[in-house]
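Text of protein_16.pdb (PDB, C-alpha atoms) as supplied:
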```pdb
MODEL        1
ATOM      1  CA  MET A 671      17.443  -6.087 -28.628
ATOM      2  CA  ILE A 672      13.857  -4.871 -28.166
ATOM      3  CA  ASP A 673      14.399  -5.313 -24.416
ATOM      4  CA  VAL A 674      17.313  -2.919 -24.417
ATOM      5  CA  VAL A 675      15.448  -0.277 -26.459
ATOM      6  CA  LEU A 676      12.348  -0.539 -24.246
ATOM      7  CA  ASN A 677      14.588  -0.301 -21.220
ATOM      8  CA  ILE A 678      16.162   2.960 -22.426
ATOM      9  CA  VAL A 679      12.802   4.517 -23.361
ATOM     10  CA  LEU A 680      11.349   3.673 -19.940
ATOM     11  CA  LEU A 681      14.448   5.028 -18.196
ATOM     12  CA  LEU A 682      14.065   8.325 -20.096
ATOM     13  CA  PHE A 683      10.399   8.505 -18.997
ATOM     14  CA  LEU A 684      11.500   7.777 -15.440
ATOM     15  CA  LEU A 685      14.083  10.579 -15.480
ATOM     16  CA  THR A 686      11.484  13.046 -16.822
ATOM     17  CA  MET A 687       9.130  11.996 -14.050
ATOM     18  CA  ALA A 688      11.813  12.408 -11.370
ATOM     19  CA  VAL A 689      12.713  15.904 -12.606
ATOM     20  CA  SER A 690       9.055  16.945 -12.679
ATOM     21  CA  ILE A 691       8.570  15.633  -9.116
ATOM     22  CA  LEU A 692      11.487  17.817  -8.082
ATOM     23  CA  PHE A 693      10.135  20.971  -9.762
ATOM     24  CA  ILE A 694       6.357  20.757  -9.457
ATOM     25  CA  ARG A 695       4.995  23.003  -6.697
ATOM     26  CA  HIS A 696       1.493  21.612  -6.376
ATOM     27  CA  LEU A 697       1.781  18.817  -3.805
ATOM     28  CA  MET A 698      -1.334  16.924  -4.910
ATOM     29  CA  ALA A 699       0.026  16.777  -8.460
ATOM     30  CA  MET A 700       3.340  15.636  -7.000
ATOM     31  CA  ALA A 701       1.614  12.712  -5.291
ATOM     32  CA  MET A 702       0.010  11.697  -8.594
ATOM     33  CA  LEU A 703       3.324  11.982 -10.448
ATOM     34  CA  PHE A 704       4.902   9.928  -7.687
ATOM     35  CA  GLY A 705       2.384   7.144  -8.264
ATOM     36  CA  LEU A 706       3.143   7.219 -11.996
ATOM     37  CA  TYR A 707       6.853   7.165 -11.229
ATOM     38  CA  SER A 708       6.467   3.990  -9.157
ATOM     39  CA  LEU A 709       4.364   2.371 -11.883
ATOM     40  CA  LEU A 710       7.069   3.131 -14.448
ATOM     41  CA  THR A 711       9.641   1.578 -12.120
ATOM     42  CA  ALA A 712       7.472  -1.541 -11.919
ATOM     43  CA  ALA A 713       7.311  -1.696 -15.737
ATOM     44  CA  LEU A 714      11.070  -1.330 -15.881
ATOM     45  CA  PHE A 715      11.537  -4.204 -13.424
ATOM     46  CA  LEU A 716       9.346  -6.352 -15.663
ATOM     47  CA  VAL A 717      11.468  -5.498 -18.709
ATOM     48  CA  LEU A 718      14.582  -6.418 -16.715
ATOM     49  CA  ASP A 719      13.193  -9.938 -16.018
ATOM     50  CA  ALA A 720      12.172  -9.353 -12.400
ATOM     51  CA  PRO A 721       8.406 -10.003 -12.240
ATOM     52  CA  ASP A 722       8.317 -10.612  -8.458
ATOM     53  CA  VAL A 723       9.941  -7.259  -7.779
ATOM     54  CA  ALA A 724       7.578  -5.635 -10.301
ATOM     55  CA  PHE A 725       4.523  -7.033  -8.468
ATOM     56  CA  THR A 726       5.806  -5.783  -5.140
ATOM     57  CA  GLU A 727       6.659  -2.348  -6.508
ATOM     58  CA  ALA A 728       3.255  -2.054  -8.205
ATOM     59  CA  ALA A 729       1.382  -3.060  -5.055
ATOM     60  CA  VAL A 730       3.524  -1.472  -2.360
ATOM     61  CA  GLY A 731       5.232   1.414  -4.156
ATOM     62  CA  THR A 732       2.384   2.548  -6.369
ATOM     63  CA  GLY A 733      -0.456   1.561  -4.077
ATOM     64  CA  ILE A 734       0.425   1.953  -0.428
ATOM     65  CA  SER A 735       3.061   4.710  -0.804
ATOM     66  CA  THR A 736       0.755   6.928  -2.852
ATOM     67  CA  VAL A 737      -2.169   6.354  -0.515
ATOM     68  CA  LEU A 738       0.004   7.228   2.495
ATOM     69  CA  MET A 739       1.213  10.391   0.756
ATOM     70  CA  LEU A 740      -2.357  11.411  -0.123
ATOM     71  CA  ALA A 741      -3.443  10.703   3.463
ATOM     72  CA  THR A 742      -0.669  12.951   4.788
ATOM     73  CA  LEU A 743      -1.763  15.671   2.351
ATOM     74  CA  ALA A 744      -5.364  15.300   3.480
ATOM     75  CA  ILE A 745      -4.478  15.496   7.194
ATOM     76  CA  THR A 746      -2.130  18.475   6.900
ATOM     77  CA  GLY A 747      -4.314  20.230   4.306
ATOM     78  CA  ILE A 748      -1.285  21.875   2.674
ATOM     79  CA  HIS A 749      -1.345  21.723  -1.117
ATOM     80  CA  LYS A 750       1.212  24.287  -2.226
ATOM     81  CA  GLU A 751       4.932  24.412  -1.760
ATOM     82  CA  LYS A 752       6.714  27.742  -1.305
ATOM     83  CA  ARG A 753       8.764  28.881  -4.299
ATOM     84  CA  PRO A 754      12.066  26.986  -3.955
ATOM     85  CA  LYS A 755      15.427  28.696  -4.265
ATOM     86  CA  ILE A 756      18.401  27.215  -6.093
ATOM     87  CA  HIS A 757      20.721  25.729  -3.482
ATOM     88  CA  LEU A 758      24.202  26.244  -4.973
ATOM     89  CA  PRO A 759      26.293  24.115  -2.548
ATOM     90  CA  ALA A 760      23.897  21.184  -3.002
ATOM     91  CA  LEU A 761      24.006  21.580  -6.778
ATOM     92  CA  LEU A 762      27.796  21.611  -6.691
ATOM     93  CA  LEU A 763      27.934  18.576  -4.404
ATOM     94  CA  CYS A 764      25.507  16.593  -6.579
ATOM     95  CA  THR A 765      27.413  17.393  -9.784
ATOM     96  CA  LEU A 766      30.681  16.384  -8.138
ATOM     97  CA  VAL A 767      29.361  13.119  -6.680
ATOM     98  CA  GLY A 768      27.460  12.325  -9.891
ATOM     99  CA  GLY A 769      30.556  12.932 -12.018
ATOM    100  CA  LEU A 770      32.669  10.690  -9.815
ATOM    101  CA  LEU A 771      30.016   7.955  -9.949
ATOM    102  CA  VAL A 772      29.877   8.146 -13.765
ATOM    103  CA  VAL A 773      33.677   7.729 -13.913
ATOM    104  CA  ILE A 774      33.420   4.729 -11.588
ATOM    105  CA  SER A 775      30.486   3.271 -13.572
ATOM    106  CA  LEU A 776      32.770   2.817 -16.589
ATOM    107  CA  ASP A 777      34.492   0.016 -14.662
ATOM    108  CA  LEU A 778      31.217  -1.817 -13.965
ATOM    109  CA  PRO A 779      30.327  -4.811 -16.139
ATOM    110  CA  PRO A 780      27.965  -3.786 -18.998
ATOM    111  CA  LEU A 781      24.264  -4.628 -18.758
ATOM    112  CA  GLY A 782      23.542  -8.332 -19.226
ATOM    113  CA  ASP A 783      27.203  -9.369 -19.101
ATOM    114  CA  GLU A 784      27.861 -13.075 -18.596
ATOM    115  CA  GLN A 785      31.140 -12.511 -16.702
ATOM    116  CA  SER A 786      29.510 -10.143 -14.197
ATOM    117  CA  PRO A 787      30.703 -10.965 -10.643
ATOM    118  CA  ALA A 788      27.093 -10.870  -9.422
ATOM    119  CA  LEU A 789      26.412 -14.044 -11.431
ATOM    120  CA  GLN A 790      29.271 -16.067  -9.957
ATOM    121  CA  GLY A 791      29.180 -17.813  -6.626
ATOM    122  CA  VAL A 792      25.988 -18.237  -4.670
ATOM    123  CA  ALA A 793      23.590 -17.026  -7.409
ATOM    124  CA  LYS A 794      24.799 -19.857  -9.657
ATOM    125  CA  HIS A 795      24.167 -22.359  -6.878
ATOM    126  CA  TYR A 796      20.597 -21.091  -6.369
ATOM    127  CA  LEU A 797      19.819 -21.497 -10.080
ATOM    128  CA  GLU A 798      21.382 -24.936 -10.439
ATOM    129  CA  LYS A 799      20.443 -26.596  -7.144
ATOM    130  CA  GLY A 800      17.450 -24.510  -6.050
ATOM    131  CA  LYS A 801      14.761 -26.827  -7.307
ATOM    132  CA  GLU A 802      16.513 -29.917  -5.965
ATOM    133  CA  GLU A 803      17.069 -28.483  -2.493
ATOM    134  CA  THR A 804      13.789 -26.645  -1.906
ATOM    135  CA  GLY A 805      11.331 -28.077  -4.446
ATOM    136  CA  VAL A 806      10.114 -24.604  -5.472
ATOM    137  CA  PRO A 807      10.302 -23.759  -9.206
ATOM    138  CA  ASN A 808      10.291 -19.997  -8.574
ATOM    139  CA  VAL A 809      13.894 -19.396  -7.525
ATOM    140  CA  VAL A 810      13.143 -15.947  -6.070
ATOM    141  CA  THR A 811      10.575 -17.438  -3.712
ATOM    142  CA  ALA A 812      12.930 -20.291  -2.848
ATOM    143  CA  VAL A 813      15.706 -17.882  -1.867
ATOM    144  CA  LEU A 814      13.329 -15.527  -0.065
ATOM    145  CA  ALA A 815      11.579 -18.126   2.059
ATOM    146  CA  SER A 816      14.164 -20.878   2.359
ATOM    147  CA  TYR A 817      17.815 -19.883   1.865
ATOM    148  CA  ARG A 818      17.344 -16.391   3.259
ATOM    149  CA  GLY A 819      14.435 -17.021   5.600
ATOM    150  CA  PHE A 820      16.099 -15.115   8.419
ATOM    151  CA  ASP A 821      16.342 -12.070   6.156
ATOM    152  CA  THR A 822      12.602 -12.177   5.710
ATOM    153  CA  LEU A 823      12.125 -12.585   9.464
ATOM    154  CA  GLY A 824      14.217  -9.443   9.959
ATOM    155  CA  GLU A 825      12.091  -7.665   7.348
ATOM    156  CA  VAL A 826       8.942  -8.554   9.254
ATOM    157  CA  ALA A 827      10.560  -7.220  12.441
ATOM    158  CA  VAL A 828      11.333  -3.921  10.657
ATOM    159  CA  ILE A 829       7.754  -3.595   9.380
ATOM    160  CA  PHE A 830       6.404  -4.332  12.862
ATOM    161  CA  THR A 831       8.686  -1.686  14.375
ATOM    162  CA  GLY A 832       7.575   0.754  11.665
ATOM    163  CA  GLY A 833       3.916   0.075  12.420
ATOM    164  CA  VAL A 834       4.436   0.522  16.167
ATOM    165  CA  CYS A 835       6.334   3.790  15.523
ATOM    166  CA  VAL A 836       3.495   5.160  13.382
ATOM    167  CA  LEU A 837       0.925   4.235  16.037
ATOM    168  CA  MET A 838       3.011   5.856  18.789
ATOM    169  CA  LEU A 839       3.600   9.014  16.745
ATOM    170  CA  LEU A 840      -0.012   9.514  15.749
ATOM    171  CA  GLY A 841      -1.074   8.274  19.176
ATOM    172  CA  HIS A 842      -4.818   8.908  19.167
ATOM    173  CA  TRP A 843      -5.262   5.884  21.395
ATOM    174  CA  ARG A 844      -2.932   7.331  24.035
ATOM    175  CA  GLN A 845      -4.409  10.791  24.538
ATOM    176  CA  LYS A 846      -8.031   9.879  25.102
ATOM    177  CA  PRO A 847      -7.580   7.348  27.949
ATOM    178  CA  SER A 848      -5.278   9.709  29.901
ATOM    179  CA  VAL A 849      -8.004  12.389  29.895
ATOM    180  CA  LYS A 850     -10.516   9.881  31.159
ATOM    181  CA  VAL A 851      -8.178   8.761  33.950
ATOM    182  CA  LYS A 852      -7.729  12.371  35.085
ATOM    183  CA  ASN A 853     -11.474  12.875  35.287
ATOM    184  CA  LYS A 854     -11.886   9.713  37.289
ATOM    185  CA  ILE A 855      -9.290  10.804  39.824
ATOM    186  CA  ARG A 856     -11.028  14.145  40.182
ATOM    187  CA  ILE A 857     -14.349  12.504  40.769
ATOM    188  CA  THR A 858     -13.015  10.175  43.428
ATOM    189  CA  SER A 859     -11.066  12.907  45.229
ATOM    190  CA  ARG A 860     -14.171  15.001  45.543
TER     191      ARG A 860
ATOM    192  CA  MET B  79      31.843   3.787 -33.543
ATOM    193  CA  GLU B  80      30.655   0.282 -32.751
ATOM    194  CA  SER B  81      32.444   0.232 -29.406
ATOM    195  CA  VAL B  82      30.981   3.614 -28.404
ATOM    196  CA  LEU B  83      27.463   2.343 -29.073
ATOM    197  CA  ASP B  84      28.216  -0.790 -27.055
ATOM    198  CA  LEU B  85      29.519   1.324 -24.185
ATOM    199  CA  VAL B  86      26.400   3.528 -24.190
ATOM    200  CA  LEU B  87      23.969   0.601 -24.430
ATOM    201  CA  GLY B  88      25.813  -1.335 -21.733
ATOM    202  CA  HIS B  89      26.133   1.535 -19.286
ATOM    203  CA  PHE B  90      23.011   3.626 -19.928
ATOM    204  CA  ASN B  91      21.247   1.995 -16.981
ATOM    205  CA  TYR B  92      24.029   2.992 -14.613
ATOM    206  CA  TRP B  93      24.012   6.583 -15.850
ATOM    207  CA  ALA B  94      20.242   6.855 -15.533
ATOM    208  CA  VAL B  95      20.494   5.424 -12.004
ATOM    209  CA  ILE B  96      23.206   7.947 -11.119
ATOM    210  CA  ALA B  97      21.005  10.754 -12.462
ATOM    211  CA  LEU B  98      18.098   9.509 -10.339
ATOM    212  CA  LEU B  99      20.317   9.301  -7.249
ATOM    213  CA  MET B 100      21.570  12.847  -7.763
ATOM    214  CA  ILE B 101      18.058  14.241  -8.364
ATOM    215  CA  GLY B 102      17.002  12.580  -5.112
ATOM    216  CA  LEU B 103      20.047  13.814  -3.195
ATOM    217  CA  TYR B 104      19.600  17.379  -4.460
ATOM    218  CA  GLY B 105      15.923  17.324  -3.479
ATOM    219  CA  ILE B 106      16.686  16.043   0.018
ATOM    220  CA  ILE B 107      19.224  18.832   0.627
ATOM    221  CA  ALA B 108      17.696  21.764  -1.245
ATOM    222  CA  ARG B 109      13.908  21.488  -0.938
ATOM    223  CA  GLN B 110      12.295  23.105   2.112
ATOM    224  CA  ASN B 111       9.016  21.197   1.998
ATOM    225  CA  LEU B 112       9.203  18.076   4.165
ATOM    226  CA  LEU B 113       6.798  16.076   2.001
ATOM    227  CA  LYS B 114       8.909  16.797  -1.053
ATOM    228  CA  LYS B 115      12.029  15.755   0.843
ATOM    229  CA  LEU B 116      10.410  12.373   1.487
ATOM    230  CA  ALA B 117       9.422  12.010  -2.170
ATOM    231  CA  CYS B 118      13.031  12.711  -3.148
ATOM    232  CA  LEU B 119      14.248  10.177  -0.595
ATOM    233  CA  SER B 120      11.987   7.694  -2.332
ATOM    234  CA  ILE B 121      13.474   8.600  -5.724
ATOM    235  CA  PHE B 122      16.934   7.930  -4.281
ATOM    236  CA  GLN B 123      15.724   4.551  -3.018
ATOM    237  CA  THR B 124      14.275   3.580  -6.395
ATOM    238  CA  GLY B 125      17.621   4.428  -7.970
ATOM    239  CA  VAL B 126      19.293   1.842  -5.760
ATOM    240  CA  PHE B 127      16.621  -0.765  -6.595
ATOM    241  CA  LEU B 128      17.170  -0.183 -10.311
ATOM    242  CA  LEU B 129      20.934  -0.515  -9.926
ATOM    243  CA  PHE B 130      20.580  -3.939  -8.296
ATOM    244  CA  ILE B 131      17.973  -5.189 -10.763
ATOM    245  CA  SER B 132      20.225  -4.069 -13.647
ATOM    246  CA  TRP B 133      22.995  -6.187 -12.167
ATOM    247  CA  GLY B 134      20.690  -9.190 -12.194
ATOM    248  CA  TYR B 135      19.790  -8.863 -15.880
ATOM    249  CA  ARG B 136      21.255 -11.316 -18.410
ATOM    250  CA  HIS B 137      21.009 -11.136 -22.197
ATOM    251  CA  ASP B 138      18.694 -13.708 -23.846
ATOM    252  CA  ALA B 139      17.598 -14.994 -20.453
ATOM    253  CA  THR B 140      14.129 -15.370 -18.989
ATOM    254  CA  VAL B 141      12.558 -14.734 -15.574
ATOM    255  CA  PRO B 142      14.001 -16.908 -12.761
ATOM    256  CA  ILE B 143      11.170 -19.437 -12.662
ATOM    257  CA  LEU B 144      12.485 -22.878 -13.589
ATOM    258  CA  ALA B 145      10.601 -24.543 -16.451
ATOM    259  CA  GLU B 146      11.093 -27.103 -19.193
ATOM    260  CA  GLY B 147      12.777 -25.832 -22.334
ATOM    261  CA  PHE B 148      14.616 -22.909 -20.726
ATOM    262  CA  SER B 149      18.175 -22.967 -19.525
ATOM    263  CA  ARG B 150      19.119 -19.298 -19.069
ATOM    264  CA  TYR B 151      17.565 -17.398 -16.205
ATOM    265  CA  ALA B 152      18.094 -13.920 -14.772
ATOM    266  CA  ASN B 153      20.068 -13.692 -11.537
ATOM    267  CA  PRO B 154      17.609 -14.212  -8.653
ATOM    268  CA  LEU B 155      19.810 -12.898  -5.830
ATOM    269  CA  PRO B 156      19.542  -9.112  -6.472
ATOM    270  CA  GLN B 157      15.806  -9.537  -7.008
ATOM    271  CA  VAL B 158      15.367 -11.149  -3.596
ATOM    272  CA  LEU B 159      17.407  -8.422  -1.906
ATOM    273  CA  MET B 160      15.351  -5.687  -3.584
ATOM    274  CA  LEU B 161      12.074  -7.408  -2.704
ATOM    275  CA  THR B 162      13.034  -7.026   0.946
ATOM    276  CA  ALA B 163      14.301  -3.476   0.430
ATOM    277  CA  ILE B 164      11.076  -2.242  -1.215
ATOM    278  CA  VAL B 165       8.938  -3.345   1.712
ATOM    279  CA  VAL B 166      11.372  -1.951   4.286
ATOM    280  CA  GLY B 167      11.463   1.301   2.271
ATOM    281  CA  VAL B 168       7.700   1.702   2.571
ATOM    282  CA  ALA B 169       7.900   1.099   6.339
ATOM    283  CA  THR B 170      10.450   3.949   6.627
ATOM    284  CA  LEU B 171       8.287   6.205   4.447
ATOM    285  CA  ALA B 172       5.268   5.514   6.663
ATOM    286  CA  VAL B 173       7.235   6.583   9.763
ATOM    287  CA  GLY B 174       8.344   9.705   7.857
ATOM    288  CA  TYR B 175       4.748  10.621   6.975
ATOM    289  CA  ALA B 176       3.671  10.102  10.601
ATOM    290  CA  LEU B 177       6.500  12.449  11.699
ATOM    291  CA  ILE B 178       5.288  15.052   9.169
ATOM    292  CA  VAL B 179       1.761  14.843  10.572
ATOM    293  CA  ARG B 180       3.100  15.372  14.102
ATOM    294  CA  ILE B 181       5.332  18.272  13.032
ATOM    295  CA  HIS B 182       2.375  19.891  11.290
ATOM    296  CA  LYS B 183       0.319  19.528  14.472
ATOM    297  CA  ALA B 184       3.042  21.142  16.581
ATOM    298  CA  TYR B 185       4.205  23.909  14.226
ATOM    299  CA  GLY B 186       1.345  24.433  11.779
ATOM    300  CA  SER B 187       3.690  24.181   8.803
ATOM    301  CA  ILE B 188       5.727  21.623   6.899
ATOM    302  CA  GLU B 189       8.196  24.116   5.446
ATOM    303  CA  GLU B 190      11.612  23.755   7.020
ATOM    304  CA  ASP B 191      12.449  27.476   7.319
ATOM    305  CA  ALA B 192       9.078  28.286   8.914
ATOM    306  CA  ILE B 193       9.655  25.531  11.496
ATOM    307  CA  LEU B 194      13.163  26.802  12.308
ATOM    308  CA  GLU B 195      11.854  30.372  12.643
ATOM    309  CA  LYS B 196       9.197  29.259  15.080
ATOM    310  CA  ASP B 197      11.772  27.336  17.110
ATOM    311  CA  GLN B 198      13.986  30.415  17.385
ATOM    312  CA  GLN B 199      11.054  32.578  18.431
ATOM    313  CA  GLU B 200      10.227  30.159  21.204
ATOM    314  CA  GLN B 201      13.801  30.140  22.450
ATOM    315  CA  GLU B 202      13.798  33.938  22.727
TER     316      GLU B 202
ENDMDL
END
```
Can you present the structure in this file as structure tokens?
Amino acid sequence: MIDVVLNIVLLLFLLTMAVSILFIRHLMAMAMLFGLYSLLTAALFLVLDAPDVAFTEAAVGTGISTVLMLATLAITGIHKEKRPKIHLPALLLCTLVGGLLVVISLDLPPLGDEQSPALQGVAKHYLEKGKEETGVPNVVTAVLASYRGFDTLGEVAVIFTGGVCVLMLLGHWRQKPSVKVKNKIRITSR
Amino acid sequence: MESVLDLVLGHFNYWAVIALLMIGLYGIIARQNLLKKLACLSIFQTGVFLLFISWGYRHDATVPILAEGFSRYANPLPQVLMLTAIVVGVATLAVGYALIVRIHKAYGSIEEDAILEKDQQEQE
């Protein structure tokens, strides 16, 4: 029972944080709120029995994301957002989609339900046979590295592509050599 | 009365997630500042993570690490999927930030309307 209460309190905090991220106009403060938001998400994951996800969110979401956002702020040097206007079509669209989703959510299994379809099938197999088949007591690790190893390989490929993209976009290494090459050609042609 | 309370307790997570998704969606469409758009994209992403983790939760269960004396564990499958998604999400965010830095270099602004104005001026 305490789990459920804690869960609701944290969710309310999270919603407050999300709304304040949307409305705050000082971008530095937004970055700080964003870090807090990620930390709250990590706490929520812990309450919902997902410690591995909580670790990752705390390290990657709170740490790296916030640092990247602060770095972008530092490079661009812009700290204030222009006064935003209310976007009526977007507001209408969001209310409509949100309302539809709430109606649909009534058909979802309630939180912690034993008959939930997510618990049937392969998840049951992982819990019952995981230790036997992989020898790892942490089922999340067993699934991540053994049953779904190719998934993780794909993830690494995505991160690599992301890293290459960032390097190509920022491209300091590309501009300097090309200048040097030009100078060299000039010198030799003279 | 009892059934209403059960309904609210059982579905509050979903409603909070939907609210998060809609806050994120509204921010992505309505906010002009590119950095804020990315933050809202991230809020949207976190909403999806929370939805999956809520699906993995079981009453009176413990974390999915097998040990003596426990027989009920949370569902590990959504957790694994979200572990992958979090890391991929940060990779996308990093590319987004790099794009913002480049746009700022080229246009001197990260406000959408200012960038569009500059583009139109150049075309004329």
List every residue of chain B that has an atom at most 6 Å from any atom of chain A, and for each one report the closest atom pair and its distance in Å to one decimal, counting only C-alpha atoms, with rows sorted by chain and then by increasing residue number, as CSV.
```
residue,atom,partner,partner_atom,distance
B:Gly88,CA,A:Pro780,CA,4.3
B:His89,CA,A:Pro780,CA,5.6
B:Met100,CA,A:Cys764,CA,5.6
B:Tyr104,CA,A:Ala760,CA,5.9
B:Ala108,CA,A:His757,CA,5.5
B:Tyr135,CA,A:Gly782,CA,5.1
B:Arg136,CA,A:Gly782,CA,3.8
B:His137,CA,A:Gly782,CA,4.8
B:Val141,CA,A:Asp719,CA,4.9
B:Pro142,CA,A:Val809,CA,5.8
B:Ile143,CA,A:Asn808,CA,4.2
B:Leu144,CA,A:Pro807,CA,5.0
B:Pro154,CA,A:Val810,CA,5.4
B:Leu155,CA,A:Ala793,CA,5.8
B:Val158,CA,A:Val810,CA,5.8
B:Leu161,CA,A:Val723,CA,5.5
B:Ala169,CA,A:Gly832,CA,5.3
B:Val173,CA,A:Val836,CA,5.4
B:Ala176,CA,A:Val836,CA,5.7
```
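As for CA of Ala163 (chain B) and CA of Phe127 (chain B), they are spaced 7.9 Å apart.
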Item to check | d(CA of Lys114 (chain B), CA of Ala699 (chain A)) in Å | outcome: 11.6 Å
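Residues within 12 Å of Ala184 (chain B), counting all atoms listed in the file and excluding same-chain residues fewer than 5 positions away, are Thr746 of chain A; Leu177, Ile178, Val179, Ile193, Lys196 and Asp197 of chain B.
Counting from CA of Ser149 (chain B), the distance to CA of Leu680 (chain A) is 27.5 Å.
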Item to check | Shell around Leu129 (chain B) at 8 Å using all atoms listed in the file, local window under 4 positions removed, as a list in words | outcome: Asn91, Tyr92, Val95, Gly125 and Trp133 of chain B
Checklist entry - Written as a PyMOL selection string, which residues does the PyMOL selection byres ((chain B and resi 112) around 8) give for the file shown? => result chain B and resi 109-111+113-116+178+188-190
Box along x, y and z, 4 Å on every side, all listed atoms of region 126-131 of chain B inside: centre and edge lengths in Å to one decimal, as AutoDock Vina command-line options.
```
--center_x 18.8 --center_y -1.7 --center_z -8.3 --size_x 12.3 --size_y 15.0 --size_z 13.0
```
Expected file for region 750-756 of chain A keeping all heavy atoms, as an mmCIF file, in the first residue's frame:
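Output file result18.cif follows:
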```cif
data_model
loop_
_atom_site.group_PDB
_atom_site.id
_atom_site.type_symbol
_atom_site.label_atom_id
_atom_site.label_comp_id
_atom_site.auth_asym_id
_atom_site.auth_seq_id
_atom_site.Cartn_x
_atom_site.Cartn_y
_atom_site.Cartn_z
ATOM 1 N N LYS A 750 17.595 33.271 -22.257
ATOM 2 C CA LYS A 750 16.189 33.667 -22.080
ATOM 3 C C LYS A 750 15.394 33.223 -23.290
ATOM 4 O O LYS A 750 15.874 33.286 -24.426
ATOM 5 C CB LYS A 750 16.091 35.189 -21.959
ATOM 6 C CG LYS A 750 16.207 35.675 -20.536
ATOM 7 C CD LYS A 750 14.861 35.653 -19.844
ATOM 8 C CE LYS A 750 15.000 36.246 -18.436
ATOM 9 N NZ LYS A 750 13.906 35.878 -17.571
ATOM 10 N N GLU A 751 14.175 32.774 -23.010
ATOM 11 C CA GLU A 751 13.278 32.428 -24.097
ATOM 12 C C GLU A 751 12.354 33.607 -24.335
ATOM 13 O O GLU A 751 12.026 34.329 -23.402
ATOM 14 C CB GLU A 751 12.464 31.197 -23.694
ATOM 15 C CG GLU A 751 11.548 30.677 -24.768
ATOM 16 C CD GLU A 751 10.537 29.701 -24.183
ATOM 17 O OE1 GLU A 751 10.366 29.685 -22.956
ATOM 18 O OE2 GLU A 751 9.914 28.977 -24.951
ATOM 19 N N LYS A 752 11.956 33.822 -25.594
ATOM 20 C CA LYS A 752 10.969 34.879 -25.868
ATOM 21 C C LYS A 752 9.646 34.509 -25.207
ATOM 22 O O LYS A 752 9.358 33.341 -24.988
ATOM 23 C CB LYS A 752 10.754 34.998 -27.376
ATOM 24 C CG LYS A 752 11.815 35.805 -28.071
ATOM 25 C CD LYS A 752 11.416 35.971 -29.527
ATOM 26 C CE LYS A 752 12.583 36.455 -30.352
ATOM 27 N NZ LYS A 752 12.334 36.254 -31.769
ATOM 28 N N ARG A 753 8.827 35.534 -24.918
ATOM 29 C CA ARG A 753 7.528 35.257 -24.294
ATOM 30 C C ARG A 753 6.688 34.395 -25.223
ATOM 31 O O ARG A 753 6.429 34.779 -26.363
ATOM 32 C CB ARG A 753 6.817 36.572 -24.005
ATOM 33 C CG ARG A 753 5.499 36.396 -23.269
ATOM 34 C CD ARG A 753 4.950 37.761 -22.889
ATOM 35 N NE ARG A 753 5.750 38.386 -21.844
ATOM 36 C CZ ARG A 753 5.660 38.059 -20.551
ATOM 37 N NH1 ARG A 753 4.840 37.119 -20.165
ATOM 38 N NH2 ARG A 753 6.403 38.667 -19.654
ATOM 39 N N PRO A 754 6.295 33.183 -24.767
ATOM 40 C CA PRO A 754 5.539 32.290 -25.654
ATOM 41 C C PRO A 754 4.079 32.701 -25.767
ATOM 42 O O PRO A 754 3.519 33.275 -24.830
ATOM 43 C CB PRO A 754 5.670 30.930 -24.971
ATOM 44 C CG PRO A 754 5.872 31.256 -23.537
ATOM 45 C CD PRO A 754 6.532 32.593 -23.454
ATOM 46 N N LYS A 755 3.512 32.432 -26.943
ATOM 47 C CA LYS A 755 2.072 32.674 -27.121
ATOM 48 C C LYS A 755 1.329 31.364 -26.940
ATOM 49 O O LYS A 755 1.880 30.287 -27.140
ATOM 50 C CB LYS A 755 1.816 33.203 -28.532
ATOM 51 C CG LYS A 755 2.259 34.633 -28.725
ATOM 52 C CD LYS A 755 2.108 35.005 -30.192
ATOM 53 C CE LYS A 755 3.372 35.664 -30.687
ATOM 54 N NZ LYS A 755 3.796 35.281 -31.993
ATOM 55 N N ILE A 756 0.041 31.468 -26.590
ATOM 56 C CA ILE A 756 -0.778 30.254 -26.492
ATOM 57 C C ILE A 756 -1.129 29.797 -27.905
ATOM 58 O O ILE A 756 -1.592 30.584 -28.728
ATOM 59 C CB ILE A 756 -2.049 30.515 -25.671
ATOM 60 C CG1 ILE A 756 -1.667 30.797 -24.221
ATOM 61 C CG2 ILE A 756 -2.988 29.315 -25.735
ATOM 62 C CD1 ILE A 756 -2.819 31.198 -23.351
#
```
